[in-house]
>>> print(open('my_file_16.cif').read())   # mmCIF, C-alpha atoms
data_start
loop_
_atom_site.label_atom_id
_atom_site.label_comp_id
_atom_site.auth_asym_id
_atom_site.auth_seq_id
_atom_site.Cartn_x
_atom_site.Cartn_y
_atom_site.Cartn_z
CA MET A 7 19.66 10.66 1.27
CA LEU A 8 16.01 10.56 0.24
CA LEU A 9 13.69 13.53 0.09
CA THR A 10 10.02 13.58 -0.77
CA ARG A 11 7.92 16.34 -2.27
CA ARG A 12 4.15 16.08 -2.16
CA ILE A 13 1.52 17.67 -4.43
CA GLU A 14 -2.20 17.29 -4.84
CA PHE A 15 -4.29 17.47 -7.96
CA SER A 16 -7.91 16.74 -8.70
CA ALA A 17 -9.04 15.04 -11.88
CA SER A 18 -11.84 12.96 -13.32
CA HIS A 19 -11.52 9.65 -15.13
CA VAL A 20 -13.26 6.47 -16.28
CA CYS A 21 -11.62 3.05 -16.08
CA ARG A 22 -13.20 1.20 -18.92
CA ARG A 23 -12.14 -0.54 -22.12
CA PRO A 24 -14.51 0.00 -25.05
CA ASP A 25 -13.47 -3.36 -26.53
CA TRP A 26 -14.62 -5.22 -23.38
CA SER A 27 -18.17 -6.14 -22.43
CA GLU A 28 -19.95 -4.40 -19.56
CA ALA A 29 -19.44 -7.55 -17.46
CA GLU A 30 -15.69 -7.64 -18.14
CA ASN A 31 -15.31 -3.98 -17.28
CA ARG A 32 -17.26 -4.43 -14.04
CA ALA A 33 -15.22 -7.48 -13.08
CA VAL A 34 -11.87 -5.74 -13.47
CA TYR A 35 -12.61 -2.09 -12.60
CA GLY A 36 -15.72 -2.30 -10.41
CA GLU A 37 -17.37 1.09 -9.75
CA GLU A 38 -14.39 2.78 -11.43
CA SER A 39 -15.92 1.69 -14.74
CA SER A 40 -19.05 3.83 -14.31
CA PRO A 41 -19.39 5.20 -17.86
CA ARG A 42 -19.87 8.89 -17.18
CA GLY A 43 -16.79 9.15 -15.02
CA HIS A 44 -16.03 10.47 -11.57
CA GLY A 45 -13.14 12.26 -9.86
CA HIS A 46 -10.50 11.94 -7.18
CA ASN A 47 -8.27 14.19 -5.12
CA TYR A 48 -4.97 12.58 -6.06
CA VAL A 49 -1.98 12.96 -3.77
CA LEU A 50 1.42 12.47 -5.35
CA GLU A 51 4.61 11.88 -3.36
CA VAL A 52 7.80 12.10 -5.38
CA THR A 53 10.96 10.75 -3.71
CA LEU A 54 14.40 11.88 -4.93
CA GLU A 55 17.77 10.48 -3.94
CA GLY A 56 21.08 12.32 -3.69
CA ASP A 57 23.74 13.73 -1.39
CA PRO A 58 23.43 17.18 0.20
CA ASP A 59 25.62 19.82 -1.44
CA PRO A 60 28.41 20.68 1.03
CA VAL A 61 27.85 24.42 0.58
CA THR A 62 24.07 24.74 0.41
CA GLY A 63 23.26 21.71 2.56
CA MET A 64 20.54 20.84 0.05
CA VAL A 65 20.15 17.74 -2.14
CA VAL A 66 18.20 19.67 -4.73
CA ASP A 67 16.58 23.06 -5.21
CA LEU A 68 12.98 22.40 -4.17
CA LYS A 69 11.80 25.40 -6.20
CA GLN A 70 12.95 23.54 -9.32
CA VAL A 71 11.29 20.32 -8.17
CA LYS A 72 8.08 22.24 -7.60
CA ALA A 73 8.34 23.76 -11.09
CA VAL A 74 8.87 20.34 -12.70
CA LEU A 75 5.87 18.88 -10.85
CA GLU A 76 3.78 21.85 -11.91
CA GLN A 77 4.87 21.57 -15.55
CA GLU A 78 4.54 17.79 -15.90
CA VAL A 79 1.72 16.85 -13.53
CA ALA A 80 -0.36 19.57 -11.92
CA GLY A 81 -0.44 21.82 -15.02
CA PRO A 82 -1.66 19.17 -17.46
CA MET A 83 -3.77 17.13 -15.01
CA ASP A 84 -5.26 19.31 -12.27
CA HIS A 85 -8.99 19.88 -12.81
CA ARG A 86 -8.90 17.91 -16.05
CA HIS A 87 -10.61 14.83 -17.40
CA LEU A 88 -7.77 12.36 -17.80
CA ASN A 89 -9.35 10.26 -20.57
CA ALA A 90 -10.45 13.26 -22.62
CA GLU A 91 -7.64 15.75 -22.02
CA VAL A 92 -4.42 14.03 -20.96
CA PRO A 93 -2.67 11.74 -23.44
CA PRO A 94 -1.96 8.81 -23.41
CA PHE A 95 -5.19 8.26 -21.45
CA ASP A 96 -7.27 8.63 -24.58
CA GLN A 97 -5.71 5.21 -25.43
CA VAL A 98 -4.58 3.82 -22.05
CA VAL A 99 -6.96 3.12 -19.15
CA PRO A 100 -6.20 5.70 -16.41
CA THR A 101 -5.97 3.26 -13.52
CA THR A 102 -3.92 4.36 -10.52
CA GLU A 103 -1.21 1.96 -11.71
CA ASN A 104 -1.02 3.39 -15.23
CA LEU A 105 -1.18 6.96 -13.92
CA ALA A 106 1.74 6.32 -11.53
CA VAL A 107 3.80 4.83 -14.38
CA GLU A 108 2.94 7.75 -16.68
CA ILE A 109 3.94 10.28 -14.00
CA TRP A 110 7.28 8.47 -13.59
CA ARG A 111 7.85 8.66 -17.36
CA ARG A 112 7.15 12.38 -17.36
CA LEU A 113 9.33 13.18 -14.33
CA GLU A 114 12.32 10.86 -14.71
CA PRO A 115 14.05 12.72 -17.61
CA HIS A 116 14.20 15.87 -15.45
CA PHE A 117 16.31 14.12 -12.82
CA ARG A 118 18.90 12.31 -14.96
CA ASN A 119 21.81 14.72 -14.94
CA GLY A 120 21.46 16.74 -11.76
CA ALA A 121 22.46 15.95 -8.20
CA ALA A 122 19.20 14.13 -7.42
CA ARG A 123 17.72 11.12 -9.19
CA LEU A 124 14.11 10.03 -9.17
CA ARG A 125 13.75 7.09 -6.82
CA LEU A 126 10.02 6.53 -6.21
CA VAL A 127 6.62 7.80 -7.26
CA ARG A 128 3.76 7.12 -4.85
CA LEU A 129 0.30 8.08 -6.04
CA TYR A 130 -2.72 8.04 -3.73
CA GLU A 131 -6.03 7.84 -5.56
CA THR A 132 -7.91 7.80 -2.25
CA GLU A 133 -6.79 7.51 1.35
CA ASP A 134 -7.26 3.76 1.03
CA LEU A 135 -5.48 3.08 -2.26
CA TYR A 136 -2.03 4.01 -3.48
CA VAL A 137 0.43 2.74 -6.06
CA GLU A 138 4.22 2.90 -5.93
CA TYR A 139 6.50 2.75 -8.97
CA GLU A 140 10.29 2.79 -9.03
CA GLY A 141 10.86 2.67 -12.79
CA ARG A 142 11.56 -1.05 -12.90
CA MET B 1 -4.25 -15.02 -17.30
CA LYS B 2 -1.16 -14.93 -19.50
CA ALA B 3 2.35 -14.63 -18.04
CA ALA B 4 3.35 -11.03 -17.49
CA ASP B 5 5.77 -9.42 -19.92
CA PRO B 6 9.11 -8.98 -18.08
CA ASN B 7 9.32 -5.52 -19.67
CA SER B 8 5.99 -4.35 -18.31
CA PRO B 9 6.11 -2.07 -15.24
CA LEU B 10 6.68 -3.62 -11.82
CA VAL B 11 4.29 -1.81 -9.45
CA ARG B 12 3.26 -2.02 -5.83
CA VAL B 13 -0.41 -1.52 -4.99
CA ALA B 14 -1.37 -0.74 -1.40
CA ARG B 15 -4.92 -1.04 -0.11
CA ARG B 16 -5.95 0.15 3.35
CA TYR B 17 -8.46 -1.66 5.60
CA ARG B 18 -9.73 -0.96 9.09
CA PHE B 19 -10.76 -3.23 11.95
CA SER B 20 -11.42 -2.79 15.65
CA ALA B 21 -10.41 -5.39 18.20
CA SER B 22 -9.50 -5.81 21.83
CA HIS B 23 -6.42 -7.42 23.31
CA ARG B 24 -4.39 -7.82 26.47
CA LEU B 25 -0.62 -8.10 26.44
CA HIS B 26 0.29 -10.79 28.93
CA THR B 27 2.37 -13.95 28.92
CA ASP B 28 2.30 -16.81 31.39
CA LEU B 29 6.05 -17.16 30.85
CA LEU B 30 6.57 -14.12 33.09
CA SER B 31 5.48 -13.30 36.64
CA ALA B 32 2.55 -10.98 37.24
CA GLU B 33 4.95 -8.27 38.35
CA ARG B 34 7.23 -8.71 35.32
CA ASN B 35 4.17 -8.65 33.00
CA ARG B 36 3.21 -5.29 34.45
CA GLU B 37 6.76 -4.00 33.99
CA VAL B 38 7.07 -5.22 30.39
CA PHE B 39 3.61 -4.42 29.06
CA GLY B 40 2.63 -1.47 31.27
CA LYS B 41 -0.93 -0.29 30.73
CA CYS B 42 -1.37 -2.92 28.01
CA ASN B 43 -1.29 -5.59 30.74
CA ASN B 44 -4.57 -4.36 32.27
CA PRO B 45 -6.41 -7.63 33.14
CA CYS B 46 -9.66 -6.50 31.50
CA GLY B 47 -7.93 -5.67 28.22
CA HIS B 48 -8.42 -2.69 25.90
CA GLY B 49 -8.91 -2.13 22.20
CA HIS B 50 -7.72 -0.30 19.10
CA ASP B 51 -8.98 0.84 15.73
CA TYR B 52 -6.34 -0.88 13.65
CA VAL B 53 -5.48 0.28 10.14
CA MET B 54 -3.94 -2.40 7.96
CA GLU B 55 -2.21 -1.82 4.63
CA VAL B 56 -2.01 -4.83 2.34
CA ILE B 57 0.76 -4.25 -0.19
CA LEU B 58 0.94 -6.25 -3.41
CA GLU B 59 3.64 -6.34 -6.04
CA GLY B 60 3.70 -7.57 -9.60
CA ARG B 61 4.11 -6.72 -13.26
CA LEU B 62 1.14 -4.96 -14.84
CA ASP B 63 -0.93 -6.77 -17.39
CA PRO B 64 -0.99 -4.02 -20.01
CA SER B 65 -4.45 -4.87 -21.30
CA ALA B 66 -6.08 -4.12 -17.92
CA GLY B 67 -3.53 -1.77 -16.36
CA ARG B 68 -4.72 -3.07 -13.00
CA LEU B 69 -2.66 -5.47 -10.88
CA LEU B 70 -5.72 -7.13 -9.33
CA PRO B 71 -9.44 -6.28 -9.43
CA LEU B 72 -9.92 -4.33 -6.20
CA ASP B 73 -13.39 -5.77 -5.58
CA LEU B 74 -11.82 -9.25 -5.52
CA LEU B 75 -9.00 -8.15 -3.23
CA ASP B 76 -11.51 -6.53 -0.88
CA GLU B 77 -13.60 -9.70 -0.81
CA PHE B 78 -10.51 -11.80 -0.10
CA ILE B 79 -9.40 -9.58 2.79
CA ARG B 80 -12.93 -9.45 4.19
CA ARG B 81 -13.36 -13.21 4.09
CA VAL B 82 -9.90 -14.30 5.19
CA TRP B 83 -9.04 -11.57 7.70
CA LEU B 84 -11.59 -8.88 8.60
CA SER B 85 -14.37 -11.36 9.33
CA GLN B 86 -12.03 -13.07 11.82
CA VAL B 87 -10.70 -10.03 13.67
CA ASP B 88 -13.14 -7.13 13.41
CA ARG B 89 -14.98 -6.56 16.70
CA ARG B 90 -13.21 -9.55 18.21
CA ASN B 91 -11.11 -10.26 21.27
CA LEU B 92 -7.75 -11.24 19.78
CA ASN B 93 -6.60 -13.22 22.84
CA LEU B 94 -9.74 -15.34 23.01
CA GLU B 95 -10.87 -15.61 19.39
CA LEU B 96 -7.70 -16.15 17.33
CA ASP B 97 -6.13 -19.59 17.77
CA GLU B 98 -2.61 -18.22 17.30
CA PHE B 99 -2.94 -16.05 20.40
CA ALA B 100 -3.75 -18.91 22.75
CA ALA B 101 0.01 -19.15 23.36
CA LEU B 102 1.33 -15.98 21.74
CA VAL B 103 1.12 -12.39 23.01
CA PRO B 104 -1.12 -10.38 20.64
CA THR B 105 1.29 -7.50 20.19
CA THR B 106 0.87 -5.77 16.89
CA GLU B 107 4.24 -7.23 15.84
CA ASN B 108 2.73 -10.69 16.25
CA LEU B 109 -0.59 -9.59 14.76
CA ALA B 110 1.20 -8.48 11.59
CA VAL B 111 3.00 -11.83 11.35
CA VAL B 112 -0.26 -13.74 11.88
CA ALA B 113 -2.07 -11.61 9.28
CA ALA B 114 0.73 -12.10 6.76
CA ARG B 115 0.80 -15.84 7.38
CA ARG B 116 -2.98 -16.30 7.05
CA LEU B 117 -3.19 -14.17 3.91
CA GLN B 118 -0.17 -15.92 2.38
CA GLU B 119 -1.67 -19.35 3.05
CA ALA B 120 -5.00 -18.46 1.44
CA TRP B 121 -3.46 -16.49 -1.44
CA PRO B 122 -2.76 -19.36 -3.90
CA HIS B 123 -6.35 -20.58 -3.71
CA TRP B 124 -7.71 -17.11 -4.56
CA PHE B 125 -5.03 -15.62 -6.75
CA GLY B 126 -2.53 -18.37 -7.55
CA ALA B 127 -2.87 -17.91 -11.30
CA ARG B 128 -2.33 -14.16 -11.16
CA GLU B 129 0.78 -12.09 -11.45
CA ALA B 130 0.27 -10.19 -8.18
CA ARG B 131 1.92 -11.44 -4.99
CA LEU B 132 1.64 -10.29 -1.37
CA GLU B 133 4.66 -8.12 -0.65
CA ARG B 134 4.17 -6.77 2.88
CA ILE B 135 1.64 -6.07 5.61
CA ARG B 136 1.70 -2.86 7.61
CA ILE B 137 -0.53 -2.45 10.67
CA ARG B 138 -1.09 0.81 12.49
CA GLU B 139 -2.15 0.14 16.07
CA THR B 140 -2.50 3.81 16.93
CA ARG B 141 -1.42 6.95 15.12
CA ASN B 142 1.95 6.59 16.85
CA ASN B 143 2.73 2.89 16.45
CA ILE B 144 3.16 1.24 13.05
CA PHE B 145 4.43 -2.30 12.45
CA GLU B 146 5.47 -3.80 9.15
CA VAL B 147 6.36 -7.32 8.04
CA MET B 148 7.68 -8.46 4.68
CA VAL B 149 5.98 -11.51 3.19
CA PRO B 150 8.67 -13.95 2.00
CA GLN B 151 8.67 -14.91 -1.66
CA ALA B 152 8.52 -18.57 -2.65
CA GLY B 153 11.86 -20.18 -1.86
CA GLN B 154 12.80 -17.70 0.85
CA ARG B 155 12.99 -18.66 4.50
CA GLY B 156 9.77 -18.35 6.49
CA MET B 157 8.52 -15.37 8.38
CA GLU B 158 10.15 -14.95 11.73
CA SER B 159 9.28 -12.45 14.39
CA HIS B 160 12.71 -10.84 14.07
CA GLU B 161 11.74 -9.78 10.57
CA VAL B 162 9.20 -7.42 12.04
CA ILE B 163 10.31 -3.83 11.72
CA VAL B 164 9.08 -1.81 14.66
CA GLU B 165 8.69 1.75 13.53
CA GLY B 166 7.16 3.05 16.70
CA ARG B 167 7.35 2.49 20.43
CA ARG B 168 4.50 0.96 22.35
CA GLN B 169 3.05 3.24 24.98
CA GLY B 170 3.86 2.04 28.45
CA ALA B 171 6.50 -0.39 27.22
#
>>> encode(input="my_file_16.cif", output="structure tokens")
Amino acid sequence: MLLTRRIEFSASHVCRRPDWSEAENRAVYGEESSPRGHGHNYVLEVTLEGDPDPVTGMVVDLKQVKAVLEQEVAGPMDHRHLNAEVPPFDQVVPTTENLAVEIWRRLEPHFRNGAARLRLVRLYETEDLYVEYEGR
Amino acid sequence: MKAADPNSPLVRVARRYRFSASHRLHTDLLSAERNREVFGKCNNPCGHGHDYVMEVILEGRLDPSAGRLLPLDLLDEFIRRVWLSQVDRRNLNLELDEFAALVPTTENLAVVAARRLQEAWPHWFGAREARLERIRIRETRNNIFEVMVPQAGQRGMESHEVIVEGRRQGA
């Protein structure tokens, strides 16, 4: 069975490589490369997979899922500047793709030994753009 | 662009577009009475329209230097040129060749969109790592249709590959 928990966080970022020319940055990142940065209301959907416990009827304790999401994502990222305050985005361009992969890396170790495993991370940067990552 | 590292992350990127179009669900293969039974309100002779929402879903391994599967400005330009310019504010029955002999249900619209985008893809993005993975079209808030785009070497798109996630009103 799959279950999905959703959280929102707001953060600013710049998608820009200092070793690329202005033209290269514009060609790859478009307006996202605007040097002084801008922000988004990110929406994260985290999908877990497991079987319901026969006694509790639950796959996983959602309070614990909420705590993990708070500790790994909302705590460090909400109302932050990703490039300036959230490693590895001082080194890695915080595209939606890289952010989804980083969120997977942060969350996956928490779901290795319990009843539920991490199956999918879906990160909306805007209503019209999202990225999915399944750890492959 | 260099070949993607097989160890780099495999991601799906979904981009949402909107277009408004009219259609009428009717087929000459059925009687007038049977058309009304099958298509209900959608068989109204004067047609009707929708604000469609289309998700274009790409898949590929990330080029680590950019961290971006495909420049979104380029993808937007591709979708605008190949699809939106052909369907937005159009009559699907009268203005898309495919629907001369095919009912413009959103199942069929998704197949036509996937086919047109797939055909034009190599010319625009053939050298890139990203490939079209699926097309999802929302006809109304209640009806969503999705079609997988076959990878090279797979059998072609058939209408039975359409997954209907909603029920058409009146059908």
>>> resolve_selection(input="my_file_16.cif", expression="the PyMOL selection byres ((chain A and resi 96) around 12)", output="MDAnalysis selection string")
chainID A and resid 19:24 87:95 97:100
>>> write_last_selection(input="my_file_16.cif", atoms="C-alpha atoms", output="short mmCIF file (atom, residue, chain, number, x, y, z; two decimals), in the frame of the given file")
data_model
loop_
_atom_site.label_atom_id
_atom_site.label_comp_id
_atom_site.auth_asym_id
_atom_site.auth_seq_id
_atom_site.Cartn_x
_atom_site.Cartn_y
_atom_site.Cartn_z
CA HIS A 19 -11.52 9.65 -15.13
CA VAL A 20 -13.26 6.47 -16.28
CA CYS A 21 -11.62 3.05 -16.08
CA ARG A 22 -13.20 1.20 -18.92
CA ARG A 23 -12.14 -0.54 -22.12
CA PRO A 24 -14.51 0.00 -25.05
CA HIS A 87 -10.61 14.83 -17.40
CA LEU A 88 -7.77 12.36 -17.80
CA ASN A 89 -9.35 10.26 -20.57
CA ALA A 90 -10.45 13.26 -22.62
CA GLU A 91 -7.64 15.75 -22.02
CA VAL A 92 -4.42 14.03 -20.96
CA PRO A 93 -2.67 11.74 -23.44
CA PRO A 94 -1.96 8.81 -23.41
CA PHE A 95 -5.19 8.26 -21.45
CA GLN A 97 -5.71 5.21 -25.43
CA VAL A 98 -4.58 3.82 -22.05
CA VAL A 99 -6.96 3.12 -19.15
CA PRO A 100 -6.20 5.70 -16.41
#
>>> closest_atom_pairs(input="my_file_16.cif", of="chain B", to="chain A", cutoff="10 Å", atoms="only C-alpha atoms", output="JSON lines")
{"residue": "B:Pro6", "atom": "CA", "partner": "A:Arg142", "partner_atom": "CA", "distance": 9.8}
{"residue": "B:Asn7", "atom": "CA", "partner": "A:Arg142", "partner_atom": "CA", "distance": 8.4}
{"residue": "B:Ser8", "atom": "CA", "partner": "A:Arg142", "partner_atom": "CA", "distance": 8.4}
{"residue": "B:Pro9", "atom": "CA", "partner": "A:Arg142", "partner_atom": "CA", "distance": 6.0}
{"residue": "B:Leu10", "atom": "CA", "partner": "A:Arg142", "partner_atom": "CA", "distance": 5.6}
{"residue": "B:Val11", "atom": "CA", "partner": "A:Tyr139", "partner_atom": "CA", "distance": 5.1}
{"residue": "B:Arg12", "atom": "CA", "partner": "A:Glu138", "partner_atom": "CA", "distance": 5.0}
{"residue": "B:Val13", "atom": "CA", "partner": "A:Val137", "partner_atom": "CA", "distance": 4.5}
{"residue": "B:Ala14", "atom": "CA", "partner": "A:Tyr136", "partner_atom": "CA", "distance": 5.2}
{"residue": "B:Arg15", "atom": "CA", "partner": "A:Leu135", "partner_atom": "CA", "distance": 4.7}
{"residue": "B:Arg16", "atom": "CA", "partner": "A:Asp134", "partner_atom": "CA", "distance": 4.5}
{"residue": "B:Tyr17", "atom": "CA", "partner": "A:Asp134", "partner_atom": "CA", "distance": 7.2}
{"residue": "B:Arg18", "atom": "CA", "partner": "A:Asp134", "partner_atom": "CA", "distance": 9.7}
{"residue": "B:Val53", "atom": "CA", "partner": "A:Asp134", "partner_atom": "CA", "distance": 9.9}
{"residue": "B:Met54", "atom": "CA", "partner": "A:Asp134", "partner_atom": "CA", "distance": 9.8}
{"residue": "B:Glu55", "atom": "CA", "partner": "A:Asp134", "partner_atom": "CA", "distance": 8.3}
{"residue": "B:Val56", "atom": "CA", "partner": "A:Leu135", "partner_atom": "CA", "distance": 9.8}
{"residue": "B:Ile57", "atom": "CA", "partner": "A:Val137", "partner_atom": "CA", "distance": 9.1}
{"residue": "B:Leu58", "atom": "CA", "partner": "A:Val137", "partner_atom": "CA", "distance": 9.4}
{"residue": "B:Glu59", "atom": "CA", "partner": "A:Glu138", "partner_atom": "CA", "distance": 9.3}
{"residue": "B:Arg61", "atom": "CA", "partner": "A:Arg142", "partner_atom": "CA", "distance": 9.4}
{"residue": "B:Leu62", "atom": "CA", "partner": "A:Glu103", "partner_atom": "CA", "distance": 8.0}
{"residue": "B:Pro64", "atom": "CA", "partner": "A:Asn104", "partner_atom": "CA", "distance": 8.8}
{"residue": "B:Ser65", "atom": "CA", "partner": "A:Val99", "partner_atom": "CA", "distance": 8.6}
{"residue": "B:Ala66", "atom": "CA", "partner": "A:Val99", "partner_atom": "CA", "distance": 7.4}
{"residue": "B:Gly67", "atom": "CA", "partner": "A:Asn104", "partner_atom": "CA", "distance": 5.8}
{"residue": "B:Arg68", "atom": "CA", "partner": "A:Glu103", "partner_atom": "CA", "distance": 6.3}
{"residue": "B:Leu69", "atom": "CA", "partner": "A:Glu103", "partner_atom": "CA", "distance": 7.6}
{"residue": "B:Leu70", "atom": "CA", "partner": "A:Val34", "partner_atom": "CA", "distance": 7.5}
{"residue": "B:Pro71", "atom": "CA", "partner": "A:Val34", "partner_atom": "CA", "distance": 4.7}
{"residue": "B:Leu72", "atom": "CA", "partner": "A:Tyr35", "partner_atom": "CA", "distance": 7.3}
{"residue": "B:Asp73", "atom": "CA", "partner": "A:Gly36", "partner_atom": "CA", "distance": 6.4}
{"residue": "B:Leu74", "atom": "CA", "partner": "A:Ala33", "partner_atom": "CA", "distance": 8.5}
>>> closest_atom_pairs(input="my_file_16.cif", of="segment 38-64 of chain B", to="segment 89-100 of chain B", cutoff="10 Å", atoms="only C-alpha atoms", output="JSON lines")
{"residue": "B:Gly47", "atom": "CA", "partner": "B:Asn91", "partner_atom": "CA", "distance": 8.9}
{"residue": "B:His48", "atom": "CA", "partner": "B:Asn91", "partner_atom": "CA", "distance": 9.3}
{"residue": "B:Gly49", "atom": "CA", "partner": "B:Asn91", "partner_atom": "CA", "distance": 8.5}
{"residue": "B:His50", "atom": "CA", "partner": "B:Arg89", "partner_atom": "CA", "distance": 9.9}
{"residue": "B:Asp51", "atom": "CA", "partner": "B:Arg89", "partner_atom": "CA", "distance": 9.6}
>>> residues_around(input="my_file_16.cif", residues="segment 74-82 of chain A", least_positions_apart="3", cutoff="9 Å", atoms="all atoms listed in the file", output="ChimeraX atom specification")
/A:13-16,52,69-71,85-86,91-92,109,112-113,116
>>> write_last_selection(input="my_file_16.cif", atoms="C-alpha atoms", output="PDB file, in the frame of the given file")
ATOM      1  CA  ILE A  13       1.520  17.670  -4.430  1.00  0.00           C
ATOM      2  CA  GLU A  14      -2.200  17.290  -4.840  1.00  0.00           C
ATOM      3  CA  PHE A  15      -4.290  17.470  -7.960  1.00  0.00           C
ATOM      4  CA  SER A  16      -7.910  16.740  -8.700  1.00  0.00           C
ATOM      5  CA  VAL A  52       7.800  12.100  -5.380  1.00  0.00           C
ATOM      6  CA  LYS A  69      11.800  25.400  -6.200  1.00  0.00           C
ATOM      7  CA  GLN A  70      12.950  23.540  -9.320  1.00  0.00           C
ATOM      8  CA  VAL A  71      11.290  20.320  -8.170  1.00  0.00           C
ATOM      9  CA  HIS A  85      -8.990  19.880 -12.810  1.00  0.00           C
ATOM     10  CA  ARG A  86      -8.900  17.910 -16.050  1.00  0.00           C
ATOM     11  CA  GLU A  91      -7.640  15.750 -22.020  1.00  0.00           C
ATOM     12  CA  VAL A  92      -4.420  14.030 -20.960  1.00  0.00           C
ATOM     13  CA  ILE A 109       3.940  10.280 -14.000  1.00  0.00           C
ATOM     14  CA  ARG A 112       7.150  12.380 -17.360  1.00  0.00           C
ATOM     15  CA  LEU A 113       9.330  13.180 -14.330  1.00  0.00           C
ATOM     16  CA  HIS A 116      14.200  15.870 -15.450  1.00  0.00           C
TER      17      HIS A 116
END
>>> atom_distance(input="my_file_16.cif", atom1="atom CA of Leu54 of chain A", atom2="atom CA of Lys72 of chain A")
12.4 Å
>>> atom_distance(input="my_file_16.cif", atom1="atom CA of Pro115 of chain A", atom2="atom CA of Gly56 of chain A")
15.6 Å
>>> resolve_selection(input="my_file_16.cif", expression="the PyMOL selection byres ((chain B and resi 25) around 10)", output="ChimeraX atom specification")
/B:23-24,26-27,35-36,38-45,47-48,93,102-106
>>> resolve_selection(input="my_file_16.cif", expression="the PyMOL selection byres ((chain B and resi 136) around 7)", output="ChimeraX atom specification")
/B:54-56,110,134-135,137-138,144-147
>>> atom_distance(input="my_file_16.cif", atom1="atom CA of Asp59 of chain A", atom2="atom CA of Val127 of chain A")
23.2 Å
>>> residues_near_point(input="my_file_16.cif", point="(0.8, -14.4, 7.8)", cutoff="12 Å", atoms="only C-alpha atoms", output="VMD selection string")
chain B and resid 56 82 to 83 98 107 to 121 132 to 136 146 to 150 156 to 159 162
>>> build_atoms(input="my_file_16.cif", residues="segment 18-32 of chain A", atoms="N, CA and C atoms", output="short mmCIF file (atom, residue, chain, number, x, y, z; two decimals), keeping the file's coordinate frame")
data_model
loop_
_atom_site.label_atom_id
_atom_site.label_comp_id
_atom_site.auth_asym_id
_atom_site.auth_seq_id
_atom_site.Cartn_x
_atom_site.Cartn_y
_atom_site.Cartn_z
N SER A 18 -10.81 13.98 -13.12
CA SER A 18 -11.84 12.96 -13.32
C SER A 18 -11.32 11.91 -14.29
N HIS A 19 -11.92 10.73 -14.23
CA HIS A 19 -11.52 9.65 -15.13
C HIS A 19 -12.61 8.59 -15.21
N VAL A 20 -12.44 7.68 -16.16
CA VAL A 20 -13.26 6.47 -16.28
C VAL A 20 -12.29 5.33 -16.54
N CYS A 21 -12.43 4.23 -15.80
CA CYS A 21 -11.62 3.05 -16.08
C CYS A 21 -12.49 2.04 -16.82
N ARG A 22 -12.27 1.96 -18.10
CA ARG A 22 -13.20 1.20 -18.92
C ARG A 22 -12.57 0.97 -20.28
N ARG A 23 -12.65 -0.26 -20.78
CA ARG A 23 -12.14 -0.54 -22.12
C ARG A 23 -13.32 -0.71 -23.06
N PRO A 24 -13.36 0.09 -24.13
CA PRO A 24 -14.51 0.00 -25.05
C PRO A 24 -14.60 -1.35 -25.76
N ASP A 25 -13.44 -2.07 -25.84
CA ASP A 25 -13.47 -3.36 -26.53
C ASP A 25 -13.87 -4.50 -25.59
N TRP A 26 -14.17 -4.19 -24.32
CA TRP A 26 -14.62 -5.22 -23.38
C TRP A 26 -16.12 -5.06 -23.15
N SER A 27 -16.75 -6.18 -22.77
CA SER A 27 -18.17 -6.14 -22.43
C SER A 27 -18.36 -5.39 -21.10
N GLU A 28 -19.62 -5.02 -20.84
CA GLU A 28 -19.95 -4.40 -19.56
C GLU A 28 -19.52 -5.30 -18.39
N ALA A 29 -19.77 -6.61 -18.55
CA ALA A 29 -19.44 -7.55 -17.46
C ALA A 29 -17.94 -7.60 -17.22
N GLU A 30 -17.15 -7.62 -18.30
CA GLU A 30 -15.69 -7.64 -18.14
C GLU A 30 -15.20 -6.37 -17.46
N ASN A 31 -15.72 -5.24 -17.89
CA ASN A 31 -15.31 -3.98 -17.28
C ASN A 31 -15.65 -3.94 -15.79
N ARG A 32 -16.86 -4.42 -15.45
CA ARG A 32 -17.26 -4.43 -14.04
C ARG A 32 -16.36 -5.35 -13.23
#
